[in-house]
Amino acid sequence: MSGCGCGCTSNNGGPFSKGKELVEFVFHAHGGTVRDQKIQQGPIETVCQGCQAAFILETYVGVCSQCGGVHAVAPMSPTAEKIQFAGRDYTLPS
Ligand SMILES: [Zn+2]
């Protein structure tokens with residue numbers, strides 16, 4: 001039997017996605033009105049998963065000021081360990 005084996009079997013794009021899928025889910029959530037909102041629980045101090053620079057995620061989708069790496073967190077569970085990184089070569093759709 002085949003299967004990707006990474007645990008991503010259930011859906012494509014949702015609040016429980018990982019990496020780029022989560023970033024794109026949050027980016028497009030509610031017609032794109034969520035991504036620029038301040039995180040309700042307050043900014044999250046984190047470390048860029050691309051370049052390891054410390055930065056603060058203030059909105060549900062945020063960009064590392066050092067390398068431009070795109071990060072996002074699901075609005076229902078905005079904690080540091082839930083922050084997903086879209087990947088080094090990813091840039092947000094315009
Ligand atoms: Zn970075």
# chains A, B, ... in the order shown; residues from 1 in each chain; ligands from 1
$ residues_around --residues "range 79-91 of chain A" --least-positions-apart "3" --cutoff "12 Å" --atoms "only C-alpha atoms" --output "PyMOL selection string"
chain A and resi 15-27+39-52+54-64+67-76+94
$ select_by_dssp --residues "chain A" --states "strand (DSSP E or B)" --output "list of chain:residue names"
A:Lys38, A:Ile44, A:Glu45, A:Thr46, A:Val47, A:Ala54, A:Phe55, A:Ile56, A:Leu57, A:Thr59, A:Val61, A:Gly62, A:Val63, A:Val70, A:His71, A:Ala72, A:Gln84, A:Phe85
$ select_by_dssp --residues "chain A" --states "alpha helix (DSSP H)" --output "list in words"
Gly19, Lys20, Glu21, Leu22, Val23, Glu24, Phe25, Val26, Phe27, His28, Ala29, His30, Gly31 and Gly32 of chain A
$ atom_distance --atom1 "CA of Thr33 in chain A" --atom2 "CA of Ser77 in chain A"
17.4 Å
